[in-house]
file entry-v2.pdb (PDB, C-alpha atoms, pLDDT in the B column)
ATOM      1  CA  MET Y   1       0.171  -0.288  -3.892  1.00 94.00           C
ATOM      2  CA  SER Y   2      -2.713  -0.952  -1.539  1.00 97.00           C
ATOM      3  CA  LEU Y   3      -5.226  -3.785  -1.401  1.00 98.00           C
ATOM      4  CA  PHE Y   4      -8.974  -3.153  -1.583  1.00 98.00           C
ATOM      5  CA  ARG Y   5     -12.062  -5.338  -1.795  1.00 97.00           C
ATOM      6  CA  SER Y   6     -13.233  -3.601  -4.966  1.00 98.00           C
ATOM      7  CA  GLU Y   7     -12.907  -0.441  -7.025  1.00 98.00           C
ATOM      8  CA  GLU Y   8     -15.834   1.045  -5.081  1.00 98.00           C
ATOM      9  CA  HIS Y   9     -13.751   0.759  -1.931  1.00 98.00           C
ATOM     10  CA  VAL Y  10     -10.829   2.428  -3.728  1.00 98.00           C
ATOM     11  CA  ASP Y  11     -13.079   5.360  -4.681  1.00 98.00           C
ATOM     12  CA  ARG Y  12     -14.435   5.678  -1.163  1.00 98.00           C
ATOM     13  CA  TRP Y  13     -10.922   5.700   0.325  1.00 98.00           C
ATOM     14  CA  LEU Y  14      -9.674   8.251  -2.222  1.00 98.00           C
ATOM     15  CA  GLN Y  15     -12.571  10.563  -1.384  1.00 97.00           C
ATOM     16  CA  ARG Y  16     -12.011  10.189   2.352  1.00 97.00           C
ATOM     17  CA  THR Y  17      -8.257  10.771   2.131  1.00 96.00           C
ATOM     18  CA  ASN Y  18      -8.478  13.467  -0.555  1.00 96.00           C
ATOM     19  CA  ARG Y  19      -6.146  11.662  -2.967  1.00 96.00           C
ATOM     20  CA  SER Y  20      -6.221  11.365  -6.727  1.00 95.00           C
ATOM     21  CA  LYS Y  21      -6.963   8.077  -8.428  1.00 97.00           C
ATOM     22  CA  GLY Y  22      -4.088   6.156  -9.972  1.00 97.00           C
ATOM     23  CA  ALA Y  23      -4.704   2.781 -11.582  1.00 98.00           C
ATOM     24  CA  VAL Y  24      -6.861  -0.052 -10.291  1.00 98.00           C
ATOM     25  CA  VAL Y  25      -5.691  -3.557 -11.182  1.00 98.00           C
ATOM     26  CA  ASP Y  26      -7.504  -6.798 -10.359  1.00 97.00           C
ATOM     27  CA  LEU Y  27      -5.678  -9.254  -8.093  1.00 97.00           C
ATOM     28  CA  GLN Y  28      -5.420 -11.913 -10.803  1.00 96.00           C
ATOM     29  CA  THR Y  29      -3.412  -9.520 -12.955  1.00 97.00           C
ATOM     30  CA  VAL Y  30      -1.244  -8.496  -9.997  1.00 97.00           C
ATOM     31  CA  TRP Y  31      -0.578 -12.197  -9.350  1.00 97.00           C
ATOM     32  CA  ARG Y  32       0.553 -12.611 -12.975  1.00 96.00           C
ATOM     33  CA  LEU Y  33       2.693  -9.492 -12.622  1.00 96.00           C
ATOM     34  CA  ALA Y  34       4.313 -10.833  -9.436  1.00 96.00           C
ATOM     35  CA  ASN Y  35       5.235 -14.001 -11.340  1.00 95.00           C
ATOM     36  CA  ALA Y  36       6.735 -11.979 -14.189  1.00 95.00           C
ATOM     37  CA  TRP Y  37       8.539  -9.556 -11.853  1.00 95.00           C
ATOM     38  CA  TYR Y  38       9.998 -11.655  -9.064  1.00 95.00           C
ATOM     39  CA  SER Y  39      12.463 -14.521  -8.865  1.00 92.00           C
ATOM     40  CA  ASP Y  40      14.704 -15.848  -6.118  1.00 93.00           C
ATOM     41  CA  PRO Y  41      17.769 -13.544  -5.924  1.00 93.00           C
ATOM     42  CA  ARG Y  42      19.824 -16.480  -4.622  1.00 94.00           C
ATOM     43  CA  TRP Y  43      19.807 -18.139  -8.030  1.00 93.00           C
ATOM     44  CA  ALA Y  44      23.256 -18.102  -9.604  1.00 90.00           C
ATOM     45  CA  ALA Y  45      21.913 -16.529 -12.798  1.00 91.00           C
ATOM     46  CA  TRP Y  46      19.968 -13.823 -10.942  1.00 90.00           C
ATOM     47  CA  ARG Y  47      20.754 -10.171 -11.652  1.00 88.00           C
ATOM     48  CA  PRO Y  48      18.721  -6.983 -11.234  1.00 88.00           C
ATOM     49  CA  ARG Y  49      16.241  -6.426 -14.036  1.00 89.00           C
ATOM     50  CA  THR Y  50      17.052  -3.746 -16.569  1.00 90.00           C
ATOM     51  CA  ARG Y  51      14.558  -0.949 -17.113  1.00 92.00           C
ATOM     52  CA  ASP Y  52      13.461  -2.587 -20.404  1.00 95.00           C
ATOM     53  CA  GLU Y  53      12.977  -5.980 -18.741  1.00 94.00           C
ATOM     54  CA  SER Y  54      10.812  -4.360 -16.080  1.00 94.00           C
ATOM     55  CA  GLN Y  55       8.778  -2.586 -18.758  1.00 96.00           C
ATOM     56  CA  GLN Y  56       8.365  -5.898 -20.579  1.00 97.00           C
ATOM     57  CA  ALA Y  57       7.048  -7.527 -17.387  1.00 96.00           C
ATOM     58  CA  LEU Y  58       4.359  -4.830 -17.154  1.00 97.00           C
ATOM     59  CA  LEU Y  59       3.554  -5.191 -20.848  1.00 97.00           C
ATOM     60  CA  SER Y  60       3.305  -8.989 -20.548  1.00 97.00           C
ATOM     61  CA  VAL Y  61       0.290  -8.672 -18.247  1.00 97.00           C
ATOM     62  CA  GLY Y  62      -1.383  -5.941 -20.269  1.00 97.00           C
ATOM     63  CA  LEU Y  63      -0.279  -2.927 -18.234  1.00 98.00           C
ATOM     64  CA  THR Y  64       0.434  -0.491 -21.039  1.00 97.00           C
ATOM     65  CA  GLY Y  65       0.090   3.243 -21.626  1.00 96.00           C
ATOM     66  CA  GLU Y  66       1.604   6.345 -20.086  1.00 96.00           C
ATOM     67  CA  PHE Y  67       0.723   5.426 -16.490  1.00 97.00           C
ATOM     68  CA  TRP Y  68       2.869   2.271 -16.729  1.00 97.00           C
ATOM     69  CA  GLU Y  69       5.835   3.890 -18.488  1.00 97.00           C
ATOM     70  CA  LEU Y  70       8.962   3.466 -16.337  1.00 95.00           C
ATOM     71  CA  PRO Y  71      11.524   6.292 -16.242  1.00 92.00           C
TER      72      PRO Y  71
ATOM     73  CA  MET G   1      38.026  -7.117  15.248  1.00 57.00           C
ATOM     74  CA  PRO G   2      38.377  -7.865  11.518  1.00 66.00           C
ATOM     75  CA  ASP G   3      37.176  -5.104   9.243  1.00 71.00           C
ATOM     76  CA  GLN G   4      36.828  -6.855   5.916  1.00 79.00           C
ATOM     77  CA  THR G   5      34.409  -5.866   3.194  1.00 87.00           C
ATOM     78  CA  ILE G   6      31.364  -7.988   2.308  1.00 90.00           C
ATOM     79  CA  ASP G   7      30.855  -9.193  -1.239  1.00 90.00           C
ATOM     80  CA  ALA G   8      27.486  -7.915  -2.544  1.00 90.00           C
ATOM     81  CA  ARG G   9      26.528 -11.280  -4.014  1.00 90.00           C
ATOM     82  CA  GLN G  10      27.298 -13.132  -0.777  1.00 93.00           C
ATOM     83  CA  LEU G  11      25.400 -10.484   1.154  1.00 95.00           C
ATOM     84  CA  LEU G  12      22.330 -10.936  -1.041  1.00 94.00           C
ATOM     85  CA  VAL G  13      22.336 -14.720  -0.709  1.00 95.00           C
ATOM     86  CA  TYR G  14      22.719 -14.558   3.068  1.00 97.00           C
ATOM     87  CA  VAL G  15      19.980 -11.950   3.493  1.00 97.00           C
ATOM     88  CA  TYR G  16      17.464 -14.018   1.513  1.00 97.00           C
ATOM     89  CA  ASP G  17      18.558 -17.255   3.223  1.00 97.00           C
ATOM     90  CA  GLN G  18      17.826 -15.631   6.571  1.00 97.00           C
ATOM     91  CA  LEU G  19      14.587 -14.026   5.457  1.00 97.00           C
ATOM     92  CA  LEU G  20      13.215 -17.247   4.066  1.00 97.00           C
ATOM     93  CA  ALA G  21      14.301 -19.331   7.051  1.00 97.00           C
ATOM     94  CA  ARG G  22      13.448 -16.949   9.890  1.00 96.00           C
ATOM     95  CA  GLY G  23      11.083 -14.353   8.444  1.00 96.00           C
ATOM     96  CA  THR G  24      13.264 -11.429   9.477  1.00 95.00           C
ATOM     97  CA  ALA G  25      16.138  -9.629   7.790  1.00 96.00           C
ATOM     98  CA  PRO G  26      19.554  -9.828   9.459  1.00 97.00           C
ATOM     99  CA  THR G  27      20.739  -6.711  11.265  1.00 97.00           C
ATOM    100  CA  SER G  28      24.171  -5.178  10.763  1.00 97.00           C
ATOM    101  CA  ILE G  29      25.227  -6.980  13.951  1.00 97.00           C
ATOM    102  CA  ASP G  30      24.020 -10.326  12.545  1.00 97.00           C
ATOM    103  CA  LEU G  31      25.836  -9.625   9.273  1.00 97.00           C
ATOM    104  CA  ALA G  32      29.024  -8.630  11.060  1.00 96.00           C
ATOM    105  CA  ALA G  33      29.006 -11.885  13.029  1.00 96.00           C
ATOM    106  CA  HIS G  34      28.348 -14.006   9.936  1.00 96.00           C
ATOM    107  CA  PHE G  35      30.920 -12.312   7.702  1.00 96.00           C
ATOM    108  CA  ASP G  36      33.465 -11.843  10.481  1.00 94.00           C
ATOM    109  CA  THR G  37      33.578  -8.096  10.146  1.00 95.00           C
ATOM    110  CA  THR G  38      32.241  -4.996  11.881  1.00 95.00           C
ATOM    111  CA  PRO G  39      28.652  -3.671  11.942  1.00 96.00           C
ATOM    112  CA  GLU G  40      29.993  -0.532  10.250  1.00 95.00           C
ATOM    113  CA  GLN G  41      31.284  -2.608   7.335  1.00 95.00           C
ATOM    114  CA  ALA G  42      27.940  -4.401   7.202  1.00 95.00           C
ATOM    115  CA  LEU G  43      26.046  -1.094   6.966  1.00 95.00           C
ATOM    116  CA  LEU G  44      28.448   0.014   4.249  1.00 94.00           C
ATOM    117  CA  ALA G  45      27.798  -3.197   2.301  1.00 94.00           C
ATOM    118  CA  ILE G  46      24.016  -2.744   2.563  1.00 94.00           C
ATOM    119  CA  GLY G  47      24.295   0.859   1.368  1.00 92.00           C
ATOM    120  CA  GLU G  48      26.660   0.067  -1.469  1.00 89.00           C
ATOM    121  CA  ALA G  49      24.893  -3.054  -2.760  1.00 85.00           C
ATOM    122  CA  ASN G  50      23.148  -0.808  -5.302  1.00 73.00           C
ATOM    123  CA  LEU G  51      20.435  -3.323  -6.081  1.00 75.00           C
ATOM    124  CA  GLY G  52      17.472  -0.942  -6.071  1.00 66.00           C
ATOM    125  CA  LYS G  53      14.427  -2.276  -4.291  1.00 71.00           C
ATOM    126  CA  THR G  54      16.017  -5.730  -4.100  1.00 85.00           C
ATOM    127  CA  LEU G  55      18.046  -4.548  -1.118  1.00 91.00           C
ATOM    128  CA  MET G  56      17.147  -1.132   0.180  1.00 90.00           C
ATOM    129  CA  PRO G  57      18.583   0.437   3.341  1.00 93.00           C
ATOM    130  CA  ASN G  58      16.480   2.322   5.832  1.00 92.00           C
ATOM    131  CA  PRO G  59      17.350   5.972   5.070  1.00 90.00           C
ATOM    132  CA  ARG G  60      17.526   6.733   8.798  1.00 93.00           C
ATOM    133  CA  THR G  61      19.429   3.752  10.212  1.00 95.00           C
ATOM    134  CA  GLY G  62      21.182   2.150   7.225  1.00 95.00           C
ATOM    135  CA  GLU G  63      19.817  -1.256   8.254  1.00 96.00           C
ATOM    136  CA  ILE G  64      17.966  -3.393   5.705  1.00 95.00           C
ATOM    137  CA  TRP G  65      14.526  -1.876   5.138  1.00 93.00           C
ATOM    138  CA  MET G  66      13.296  -3.800   2.126  1.00 93.00           C
ATOM    139  CA  ALA G  67      14.540  -6.894   0.371  1.00 95.00           C
ATOM    140  CA  GLY G  68      11.899  -7.091  -2.308  1.00 93.00           C
ATOM    141  CA  PRO G  69       9.266  -8.398  -1.969  1.00 96.00           C
ATOM    142  CA  PHE G  70       9.953  -8.644   1.779  1.00 96.00           C
ATOM    143  CA  SER G  71       9.757  -5.823   4.280  1.00 95.00           C
ATOM    144  CA  ALA G  72      12.084  -5.829   7.276  1.00 93.00           C
ATOM    145  CA  VAL G  73       9.536  -3.834   9.268  1.00 93.00           C
ATOM    146  CA  PRO G  74       5.891  -4.661  10.058  1.00 95.00           C
ATOM    147  CA  THR G  75       3.301  -3.859   7.391  1.00 96.00           C
ATOM    148  CA  PRO G  76      -0.420  -4.673   6.980  1.00 96.00           C
ATOM    149  CA  TYR G  77       0.527  -7.455   4.529  1.00 97.00           C
ATOM    150  CA  GLU G  78       1.368 -10.630   6.453  1.00 98.00           C
ATOM    151  CA  VAL G  79       2.390 -13.754   4.606  1.00 98.00           C
ATOM    152  CA  ALA G  80       3.070 -17.118   6.248  1.00 98.00           C
ATOM    153  CA  ALA G  81       4.141 -20.640   5.306  1.00 97.00           C
ATOM    154  CA  ASP G  82       5.582 -23.625   7.163  1.00 95.00           C
ATOM    155  CA  GLY G  83       5.689 -21.777  10.472  1.00 96.00           C
ATOM    156  CA  VAL G  84       7.546 -18.745   9.088  1.00 97.00           C
ATOM    157  CA  GLN G  85       5.878 -15.334   8.881  1.00 98.00           C
ATOM    158  CA  TRP G  86       6.944 -12.455   6.634  1.00 98.00           C
ATOM    159  CA  TRP G  87       5.830  -8.913   5.919  1.00 97.00           C
ATOM    160  CA  ALA G  88       5.368  -7.772   2.331  1.00 97.00           C
ATOM    161  CA  ASN G  89       5.984  -4.184   1.279  1.00 94.00           C
ATOM    162  CA  CYS G  90       2.597  -3.747  -0.386  1.00 95.00           C
ATOM    163  CA  GLY G  91      -0.384  -5.390  -2.048  1.00 97.00           C
ATOM    164  CA  TRP G  92       1.753  -6.303  -5.051  1.00 96.00           C
ATOM    165  CA  ASP G  93       4.701  -7.646  -3.061  1.00 96.00           C
ATOM    166  CA  MET G  94       2.469  -9.908  -0.947  1.00 97.00           C
ATOM    167  CA  LEU G  95       2.044 -11.916  -4.156  1.00 97.00           C
ATOM    168  CA  GLY G  96       5.782 -11.819  -4.861  1.00 97.00           C
ATOM    169  CA  ILE G  97       6.599 -13.731  -1.661  1.00 97.00           C
ATOM    170  CA  PRO G  98       5.127 -17.086  -2.819  1.00 97.00           C
ATOM    171  CA  VAL G  99       7.111 -16.661  -6.049  1.00 96.00           C
ATOM    172  CA  VAL G 100      10.420 -16.093  -4.270  1.00 97.00           C
ATOM    173  CA  ALA G 101       9.691 -18.618  -1.512  1.00 96.00           C
ATOM    174  CA  ASP G 102       8.387 -21.092  -4.115  1.00 95.00           C
ATOM    175  CA  ARG G 103       5.802 -22.498  -1.780  1.00 95.00           C
ATOM    176  CA  ARG G 104       2.130 -22.253  -0.935  1.00 96.00           C
ATOM    177  CA  VAL G 105       1.519 -19.377   1.465  1.00 97.00           C
ATOM    178  CA  HIS G 106      -1.313 -17.927   3.510  1.00 97.00           C
ATOM    179  CA  ILE G 107      -1.848 -14.175   3.243  1.00 97.00           C
ATOM    180  CA  ASP G 108      -3.489 -12.108   5.963  1.00 97.00           C
ATOM    181  CA  ALA G 109      -4.342  -8.694   4.620  1.00 97.00           C
ATOM    182  CA  SER G 110      -7.354  -6.424   4.778  1.00 97.00           C
ATOM    183  CA  CYS G 111      -9.156  -3.841   2.679  1.00 98.00           C
ATOM    184  CA  THR G 112      -7.372  -0.490   2.971  1.00 97.00           C
ATOM    185  CA  ASP G 113     -10.749   1.273   2.942  1.00 98.00           C
ATOM    186  CA  CYS G 114     -12.983  -0.651   5.333  1.00 97.00           C
ATOM    187  CA  GLY G 115     -10.535  -2.915   7.151  1.00 97.00           C
ATOM    188  CA  GLU G 116     -12.480  -6.043   6.229  1.00 97.00           C
ATOM    189  CA  PRO G 117     -10.068  -9.014   6.509  1.00 97.00           C
ATOM    190  CA  MET G 118      -9.177 -10.574   3.145  1.00 97.00           C
ATOM    191  CA  PRO G 119      -7.324 -13.784   4.042  1.00 96.00           C
ATOM    192  CA  PHE G 120      -6.436 -16.132   1.197  1.00 96.00           C
ATOM    193  CA  ASP G 121      -3.971 -18.796   0.133  1.00 96.00           C
ATOM    194  CA  VAL G 122      -1.637 -18.591  -2.848  1.00 96.00           C
ATOM    195  CA  ASP G 123      -0.019 -21.560  -4.533  1.00 95.00           C
ATOM    196  CA  PRO G 124       2.794 -20.761  -6.986  1.00 91.00           C
ATOM    197  CA  MET G 125       1.670 -23.754  -9.056  1.00 89.00           C
ATOM    198  CA  GLN G 126      -1.852 -22.402  -9.477  1.00 86.00           C
ATOM    199  CA  PRO G 127      -2.478 -19.701 -12.083  1.00 83.00           C
ATOM    200  CA  ALA G 128      -5.722 -18.499 -10.449  1.00 86.00           C
ATOM    201  CA  LEU G 129      -6.375 -16.958  -7.036  1.00 89.00           C
ATOM    202  CA  ASP G 130      -9.490 -17.815  -5.049  1.00 85.00           C
ATOM    203  CA  VAL G 131     -10.086 -14.272  -3.855  1.00 91.00           C
ATOM    204  CA  GLN G 132     -11.681 -11.182  -5.332  1.00 93.00           C
ATOM    205  CA  GLY G 133      -9.966  -7.854  -4.896  1.00 97.00           C
ATOM    206  CA  VAL G 134      -7.994  -5.081  -6.511  1.00 98.00           C
ATOM    207  CA  VAL G 135      -4.730  -3.252  -5.981  1.00 98.00           C
ATOM    208  CA  HIS G 136      -4.642   0.517  -6.337  1.00 98.00           C
ATOM    209  CA  PHE G 137      -1.437   1.941  -7.800  1.00 97.00           C
ATOM    210  CA  LEU G 138      -1.491   5.498  -6.502  1.00 95.00           C
ATOM    211  CA  LEU G 139       1.503   6.744  -8.485  1.00 94.00           C
ATOM    212  CA  PRO G 140       2.418   6.240 -12.134  1.00 95.00           C
ATOM    213  CA  ALA G 141       5.371   3.955 -12.816  1.00 94.00           C
ATOM    214  CA  ARG G 142       7.696   6.854 -13.586  1.00 93.00           C
ATOM    215  CA  ARG G 143       7.355   7.986  -9.955  1.00 90.00           C
ATOM    216  CA  TRP G 144       7.607   4.630  -8.147  1.00 86.00           C
ATOM    217  CA  TYR G 145      11.192   5.091  -7.067  1.00 74.00           C
ATOM    218  CA  GLU G 146      11.051   8.780  -6.079  1.00 70.00           C
ATOM    219  CA  ASP G 147       9.943   7.803  -2.576  1.00 62.00           C
ATOM    220  CA  ILE G 148       9.683   4.039  -2.359  1.00 60.00           C
ATOM    221  CA  GLY G 149       8.341   4.095   1.185  1.00 61.00           C
ATOM    222  CA  PHE G 150       5.381   6.236   0.134  1.00 59.00           C
ATOM    223  CA  THR G 151       4.874   4.253  -3.071  1.00 59.00           C
TER     224      THR G 151
END
call {"tool": "encode", "arguments": {"input": "entry-v2.pdb", "output": "structure tokens"}}
result
Amino acid sequence: MSLFRSEEHVDRWLQRTNRSKGAVVDLQTVWRLANAWYSDPRWAAWRPRTRDESQQALLSVGLTGEFWELP
Amino acid sequence: MPDQTIDARQLLVYVYDQLLARGTAPTSIDLAAHFDTTPEQALLAIGEANLGKTLMPNPRTGEIWMAGPFSAVPTPYEVAADGVQWWANCGWDMLGIPVVADRRVHIDASCTDCGEPMPFDVDPMQPALDVQGVVHFLLPARRWYEDIGFT
């Protein structure tokens, strides 16, 4: 998951490195995803997320469809 | 030397305490000293914690490699607050650090394409970021954990 200035920079990098395009997500959405995904593991109630909870975190910020389907 | 096992929960709390206070993950030697056991037992505890990306051993050394969203090894994603500096695993995890640390942070990262610096601050209390940019997810979610280092 790499940072770029814009989607144009993603396309340029993909062409230069001969890679296929995945999904491009704006930083605001990634920030919302980080808030939905992470918490302090030192909390007494903390436990690893289940697969469904992780999928829900993606869904909660609008990341839906086959690309975002967890195994 | 004592050779006692390390409780996974206590291990997790200590690792994150150390990461947040010092910016670096404890080594097996650090863990052995803290838990009064051997480095071998510490490596075993890291490997057997079974917490996915939350505590992932380096496949080569067995030492802590990732403690999501933190990286135990240098990466291009540097995050700092209150005199402590961390590395994030990726462009997503750099935004996970202010959530876990629960404090305003400064991020020093750059565009993967052109290298242009993209420094910005993140406040967990603020819903909006004052930076423009995107994150490219190279692999679909079903493949994220096949090779987490590459992902």
call {"tool": "closest_residue", "arguments": {"input": "entry-v2.pdb", "among": "G:Gly62, G:Pro57, G:Pro69, G:Pro76", "to": "Ser110 (chain G)", "atoms": "all atoms listed in the file"}}
result
G:Pro76
call {"tool": "closest_atom_pairs", "arguments": {"input": "entry-v2.pdb", "of": "region 1-111 of chain G", "to": "region 22-44 of chain Y", "cutoff": "10 Å", "atoms": "all atoms listed in the file", "output": "Markdown table"}}
result
| residue | atom | partner | partner_atom | distance |
| --- | --- | --- | --- | --- |
| G:Arg9 | CA | Y:Arg42 | CA | 8.5 |
| G:Gln10 | CA | Y:Arg42 | CA | 9.0 |
| G:Leu12 | CA | Y:Arg42 | CA | 7.1 |
| G:Val13 | CA | Y:Arg42 | CA | 5.0 |
| G:Tyr14 | CA | Y:Arg42 | CA | 8.4 |
| G:Val15 | CA | Y:Arg42 | CA | 9.3 |
| G:Tyr16 | CA | Y:Arg42 | CA | 7.0 |
| G:Asp17 | CA | Y:Arg42 | CA | 8.0 |
| G:Thr54 | CA | Y:Pro41 | CA | 8.2 |
| G:Ala67 | CA | Y:Pro41 | CA | 9.7 |
| G:Gly68 | CA | Y:Tyr38 | CA | 8.4 |
| G:Pro69 | CA | Y:Tyr38 | CA | 7.8 |
| G:Gly91 | CA | Y:Val30 | CA | 8.6 |
| G:Trp92 | CA | Y:Val30 | CA | 6.2 |
| G:Asp93 | CA | Y:Ala34 | CA | 7.1 |
| G:Met94 | CA | Y:Ala34 | CA | 8.7 |
| G:Leu95 | CA | Y:Trp31 | CA | 5.8 |
| G:Gly96 | CA | Y:Ala34 | CA | 4.9 |
| G:Ile97 | CA | Y:Tyr38 | CA | 8.4 |
| G:Pro98 | CA | Y:Asn35 | CA | 9.1 |
| G:Val99 | CA | Y:Asn35 | CA | 6.2 |
| G:Val100 | CA | Y:Asp40 | CA | 4.7 |
| G:Ala101 | CA | Y:Asp40 | CA | 7.3 |
| G:Asp102 | CA | Y:Asp40 | CA | 8.5 |
call {"tool": "interface_residues", "arguments": {"input": "entry-v2.pdb", "of": "chain G", "to": "chain Y", "cutoff": "6 Å", "atoms": "all atoms listed in the file", "output": "JSON list (two decimals) with C-alpha atoms, keeping the file's coordinate frame"}}
result
[["chain", "number", "residue", "atom", "x", "y", "z"],
["G", 13, "VAL", "CA", 22.34, -14.72, -0.71],
["G", 90, "CYS", "CA", 2.60, -3.75, -0.39],
["G", 91, "GLY", "CA", -0.38, -5.39, -2.05],
["G", 95, "LEU", "CA", 2.04, -11.92, -4.16],
["G", 96, "GLY", "CA", 5.78, -11.82, -4.86],
["G", 100, "VAL", "CA", 10.42, -16.09, -4.27],
["G", 111, "CYS", "CA", -9.16, -3.84, 2.68],
["G", 112, "THR", "CA", -7.37, -0.49, 2.97],
["G", 113, "ASP", "CA", -10.75, 1.27, 2.94],
["G", 133, "GLY", "CA", -9.97, -7.85, -4.90],
["G", 134, "VAL", "CA", -7.99, -5.08, -6.51],
["G", 135, "VAL", "CA", -4.73, -3.25, -5.98],
["G", 136, "HIS", "CA", -4.64, 0.52, -6.34],
["G", 137, "PHE", "CA", -1.44, 1.94, -7.80],
["G", 138, "LEU", "CA", -1.49, 5.50, -6.50],
["G", 139, "LEU", "CA", 1.50, 6.74, -8.48],
["G", 140, "PRO", "CA", 2.42, 6.24, -12.13],
["G", 141, "ALA", "CA", 5.37, 3.96, -12.82],
["G", 142, "ARG", "CA", 7.70, 6.85, -13.59]]
call {"tool": "atom_distance", "arguments": {"input": "entry-v2.pdb", "atom1": "CA of His106 (chain G)", "atom2": "CA of Val79 (chain G)"}}
result
5.7 Å
call {"tool": "residues_around", "arguments": {"input": "entry-v2.pdb", "residues": "Thr38 (chain G)", "least_positions_apart": "5", "cutoff": "10 Å", "atoms": "all atoms listed in the file", "output": "ChimeraX atom specification"}}
result
/G:1-5,28-33,43-44
call {"tool": "axis_aligned_box", "arguments": {"input": "entry-v2.pdb", "around": "region 31-48 of chain Y", "padding_each_side": "6 Å", "output": "lines of an AutoDock Vina configuration file"}}
result
center_x = 11.3
center_y = -12.6
center_z = -9.4
size_x = 35.8
size_y = 23.2
size_z = 21.6
call {"tool": "decode", "arguments": {"input": "entry-v2.pdb", "residues": "region 21-37 of chain G", "atoms": "N, CA and C atoms", "output": "CSV table (one decimal), in the first residue's frame"}}
result
chain,number,residue,atom,x,y,z
G,21,ALA,N,6.7,4.0,23.7
G,21,ALA,CA,7.6,4.9,24.5
G,21,ALA,C,8.9,5.1,23.8
G,22,ARG,N,9.4,4.1,23.1
G,22,ARG,CA,10.8,4.3,22.6
G,22,ARG,C,10.8,4.4,21.0
G,23,GLY,N,9.8,3.9,20.4
G,23,GLY,CA,9.8,3.9,18.9
G,23,GLY,C,10.3,2.7,18.3
G,24,THR,N,10.9,1.8,19.1
G,24,THR,CA,11.4,0.5,18.5
G,24,THR,C,10.8,-0.7,19.2
G,25,ALA,N,10.8,-1.8,18.5
G,25,ALA,CA,10.2,-3.0,19.1
G,25,ALA,C,11.3,-3.7,19.9
G,26,PRO,N,10.9,-4.3,21.0
G,26,PRO,CA,11.9,-5.0,21.8
G,26,PRO,C,12.5,-6.2,21.1
G,27,THR,N,13.7,-6.5,21.3
G,27,THR,CA,14.3,-7.7,20.7
G,27,THR,C,14.1,-8.9,21.6
G,28,SER,N,14.4,-10.1,21.2
G,28,SER,CA,14.3,-11.3,22.0
G,28,SER,C,15.1,-11.2,23.3
G,29,ILE,N,16.2,-10.5,23.2
G,29,ILE,CA,17.1,-10.3,24.4
G,29,ILE,C,16.4,-9.3,25.3
G,30,ASP,N,15.8,-8.3,24.8
G,30,ASP,CA,15.0,-7.3,25.7
G,30,ASP,C,13.9,-8.1,26.4
G,31,LEU,N,13.2,-8.9,25.6
G,31,LEU,CA,12.0,-9.6,26.1
G,31,LEU,C,12.4,-10.6,27.2
G,32,ALA,N,13.6,-11.3,26.9
G,32,ALA,CA,14.1,-12.3,27.9
G,32,ALA,C,14.4,-11.6,29.2
G,33,ALA,N,15.0,-10.4,29.1
G,33,ALA,CA,15.4,-9.7,30.4
G,33,ALA,C,14.1,-9.3,31.1
G,34,HIS,N,13.1,-8.8,30.4
G,34,HIS,CA,11.9,-8.3,31.0
G,34,HIS,C,11.1,-9.4,31.7
G,35,PHE,N,11.0,-10.5,30.9
G,35,PHE,CA,10.1,-11.6,31.4
G,35,PHE,C,10.9,-12.7,32.2
G,36,ASP,N,12.2,-12.4,32.4
G,36,ASP,CA,13.0,-13.3,33.2
G,36,ASP,C,13.0,-14.7,32.6
G,37,THR,N,13.3,-14.7,31.3
G,37,THR,CA,13.4,-16.0,30.6
G,37,THR,C,14.6,-16.0,29.6
